[in-house]
Amino acid sequence: MVDKNLFPYNLSIVTIMKNEAPYVKEWLDYHLLAGVDHFFIYDNESPDNLKEILQPYIDAGIVTYIFYPGKCRQMESYIDAAKKFRFLSRYIAWIDADEFIFPKSKSTIVEVVDEIFSAYPNASGLAVNIHAYGSNGQDTADYNRGVLERFTRRAGNDWTPPISWAPSEKGGSATVKSIVNPRRVKLFTHPHAPNYFDTCSAINENGNDVHGFSSFPVSTEKIVMNHYTVKSKEEYANKVKRGNADWEDNRYSMAGFSHDKYNDEFDDGILKYRDARIAALIPQGGGY
């Protein structure tokens with residue numbers, strides 16, 4: 001566990017965004033409730049009003065905004081953040097704007113990470129398994145309701161298909177995203193997991209070593225990354241049109257929308273968590 005008194009921020013998130021204006025306020029407000037202190041947001045030439053929505057958070061010192069033009073710049077932005085911000089935050093999570101970190105065993109994300117890192121002090125990163133959420137059978141976008149309310153069906157922990165272009169890795173629910181001690185990160189070559197300095201490595205929530213960008217068996221008792229990868233058919237079509245953030249060749253296609261596994265299980269646990277946090281914090285005058 002890293003001394004919290006040494007850094008301006010306890011937990012920060014790094015992300016790169018494009019065309020996320022309809023979703024970003026819910027994403028920010030949720031993570032503030034979950035204990036995130038700061039956000040380093042790289043704007044990849046968003047043509048929507050993303051900057052306008054972010055402005056109150058920028059003015060409040062909650063968001064550091066970086067305009068970052070160009071194609072396929074996700075990995076460059078991650079490396080840039082690791083170099084520039086590693087001494088500003090005790091922990092940093094590198095995630096996407098459609099991913100929500102859900103601390104299931106504690107009140108905040110930091111409490112979960114602290115507990116795990118206290119038990120395994122040599123760990124440099126926490127590899128968090130993913131729950132991939134589907135469309136709930138929705139064809140059209142309803143921007144008047146939040147993502148968390150609209151999509152409550154996901155793939156199960158047993159969905160771990162092999163990855164054709166990475167035969168040593170499992171995909172689906174075995175995929176991970178990383179919350180790390182950023183001073184031990186060397187660079188990023190994959191958005192799901194950094195390369196650490198020698199002798200440094202990641203673990204899962206049970207303390208098992210994780211090498212690469214998947215962790216199996218899947219374990220989501222303490223913490224999980226809810227990934228709203230699909231949303232409605234209309235929104236998924238927009239995602240396909242936008243393309244990948246880290247590859248010149250677009251790996252998205254509408255075939256991904258119809259994947260039946262995404263809607264296997266009902267799970268609204270993150271809604272109950274969010275509402276409980278709101279109820280606990282508002283009587284104290286907010287707290288986020």
# chains A, B, ... in the order shown; residues from 1 in each chain; ligands from 1
>>> residues_around(residues="region 199-208 of chain A", least_positions_apart="5", cutoff="12 Å", atoms="only C-alpha atoms", output="PyMOL selection string")
chain A and resi 103-105+112-130+174-186+192-194+213-224
>>> write_last_selection(atoms="C-alpha atoms", output="PDB file, in the first residue's frame")
ATOM      1  CA  PRO A 103     -16.173  -2.032  -5.657  1.00  0.00           C
ATOM      2  CA  LYS A 104     -18.349  -4.860  -4.373  1.00  0.00           C
ATOM      3  CA  SER A 105     -16.779  -5.626  -1.001  1.00  0.00           C
ATOM      4  CA  VAL A 112     -10.747  -2.458  -1.977  1.00  0.00           C
ATOM      5  CA  VAL A 113      -7.361  -1.737  -3.564  1.00  0.00           C
ATOM      6  CA  ASP A 114      -5.802  -0.851  -0.193  1.00  0.00           C
ATOM      7  CA  GLU A 115      -7.034  -4.099   1.351  1.00  0.00           C
ATOM      8  CA  ILE A 116      -5.626  -6.206  -1.482  1.00  0.00           C
ATOM      9  CA  PHE A 117      -2.314  -4.346  -1.727  1.00  0.00           C
ATOM     10  CA  SER A 118      -1.887  -4.486   2.055  1.00  0.00           C
ATOM     11  CA  ALA A 119      -2.047  -8.268   1.875  1.00  0.00           C
ATOM     12  CA  TYR A 120       0.319  -8.360  -1.121  1.00  0.00           C
ATOM     13  CA  PRO A 121       2.742  -5.421  -0.676  1.00  0.00           C
ATOM     14  CA  ASN A 122       4.925  -6.405  -3.657  1.00  0.00           C
ATOM     15  CA  ALA A 123       2.027  -6.052  -6.091  1.00  0.00           C
ATOM     16  CA  SER A 124       2.289  -3.216  -8.608  1.00  0.00           C
ATOM     17  CA  GLY A 125      -1.148  -3.416 -10.196  1.00  0.00           C
ATOM     18  CA  LEU A 126      -4.594  -4.866  -9.624  1.00  0.00           C
ATOM     19  CA  ALA A 127      -5.999  -6.714 -12.652  1.00  0.00           C
ATOM     20  CA  VAL A 128      -9.794  -6.387 -12.481  1.00  0.00           C
ATOM     21  CA  ASN A 129     -11.999  -8.830 -14.398  1.00  0.00           C
ATOM     22  CA  ILE A 130     -14.672  -7.452 -16.727  1.00  0.00           C
ATOM     23  CA  ALA A 174     -11.443 -13.240 -18.297  1.00  0.00           C
ATOM     24  CA  THR A 175     -10.307  -9.898 -19.765  1.00  0.00           C
ATOM     25  CA  VAL A 176      -8.962  -7.379 -17.262  1.00  0.00           C
ATOM     26  CA  LYS A 177      -8.402  -3.654 -16.850  1.00  0.00           C
ATOM     27  CA  SER A 178      -5.781  -2.250 -14.492  1.00  0.00           C
ATOM     28  CA  ILE A 179      -5.613  -0.129 -11.340  1.00  0.00           C
ATOM     29  CA  VAL A 180      -1.929   0.440 -10.643  1.00  0.00           C
ATOM     30  CA  ASN A 181       0.820   2.032  -8.653  1.00  0.00           C
ATOM     31  CA  PRO A 182       1.865   4.293 -11.565  1.00  0.00           C
ATOM     32  CA  ARG A 183       5.436   4.679 -10.366  1.00  0.00           C
ATOM     33  CA  ARG A 184       5.999   1.016 -11.244  1.00  0.00           C
ATOM     34  CA  VAL A 185       4.643   1.312 -14.801  1.00  0.00           C
ATOM     35  CA  LYS A 186       7.259   1.240 -17.547  1.00  0.00           C
ATOM     36  CA  HIS A 192      -5.768  -3.484 -20.749  1.00  0.00           C
ATOM     37  CA  ALA A 193      -2.493  -3.911 -18.898  1.00  0.00           C
ATOM     38  CA  PRO A 194       0.787  -1.981 -18.707  1.00  0.00           C
ATOM     39  CA  PHE A 213      -4.461  -8.880 -20.242  1.00  0.00           C
ATOM     40  CA  SER A 214      -6.584 -11.728 -18.910  1.00  0.00           C
ATOM     41  CA  SER A 215      -7.063 -13.385 -15.535  1.00  0.00           C
ATOM     42  CA  PHE A 216      -8.537 -16.867 -15.209  1.00  0.00           C
ATOM     43  CA  PRO A 217     -10.360 -18.286 -13.299  1.00  0.00           C
ATOM     44  CA  VAL A 218     -12.575 -15.207 -13.317  1.00  0.00           C
ATOM     45  CA  SER A 219     -13.014 -13.652  -9.874  1.00  0.00           C
ATOM     46  CA  THR A 220     -15.401 -10.744  -9.214  1.00  0.00           C
ATOM     47  CA  GLU A 221     -16.275 -11.041  -5.522  1.00  0.00           C
ATOM     48  CA  LYS A 222     -14.418  -7.900  -4.388  1.00  0.00           C
ATOM     49  CA  ILE A 223     -14.235  -5.675  -7.454  1.00  0.00           C
ATOM     50  CA  VAL A 224     -15.312  -5.796 -11.098  1.00  0.00           C
TER      51      VAL A 224
END
>>> closest_residue(among="A:Val14, A:Ala60, A:Leu32, A:Leu148", to="Phe85 (chain A)", atoms="only C-alpha atoms")
A:Val14
>>> select_by_dssp(residues="region 134-186 of chain A", states="strand (DSSP E or B)", output="PyMOL selection string")
chain A and resi 153-154+162-163+166-170+175-180+185-186
>>> write_last_selection(atoms="C-alpha atoms", output="tab-separated table (two decimals), in the first residue's frame")
chain	number	residue	atom	x	y	z
A	153	ARG	CA	-27.96	-7.80	-18.50
A	154	ARG	CA	-24.44	-9.14	-18.93
A	162	PRO	CA	-10.23	-17.80	-26.79
A	163	ILE	CA	-8.80	-14.77	-28.57
A	166	ALA	CA	-3.68	-13.80	-28.95
A	167	PRO	CA	-3.87	-17.59	-28.49
A	168	SER	CA	-2.27	-17.52	-25.04
A	169	GLU	CA	-5.03	-15.25	-23.67
A	170	LYS	CA	-8.70	-15.76	-22.83
A	175	THR	CA	-10.31	-9.90	-19.76
A	176	VAL	CA	-8.96	-7.38	-17.26
A	177	LYS	CA	-8.40	-3.65	-16.85
A	178	SER	CA	-5.78	-2.25	-14.49
A	179	ILE	CA	-5.61	-0.13	-11.34
A	180	VAL	CA	-1.93	0.44	-10.64
A	185	VAL	CA	4.64	1.31	-14.80
A	186	LYS	CA	7.26	1.24	-17.55
>>> closest_residue(among="A:His211, A:Lys231, A:Lys261, A:Lys106", to="Ala141 (chain A)", atoms="only C-alpha atoms")
A:Lys231
>>> closest_residue(among="A:Tyr196, A:Phe100, A:Tyr228, A:Tyr65", to="Ala132 (chain A)", atoms="only C-alpha atoms")
A:Tyr228
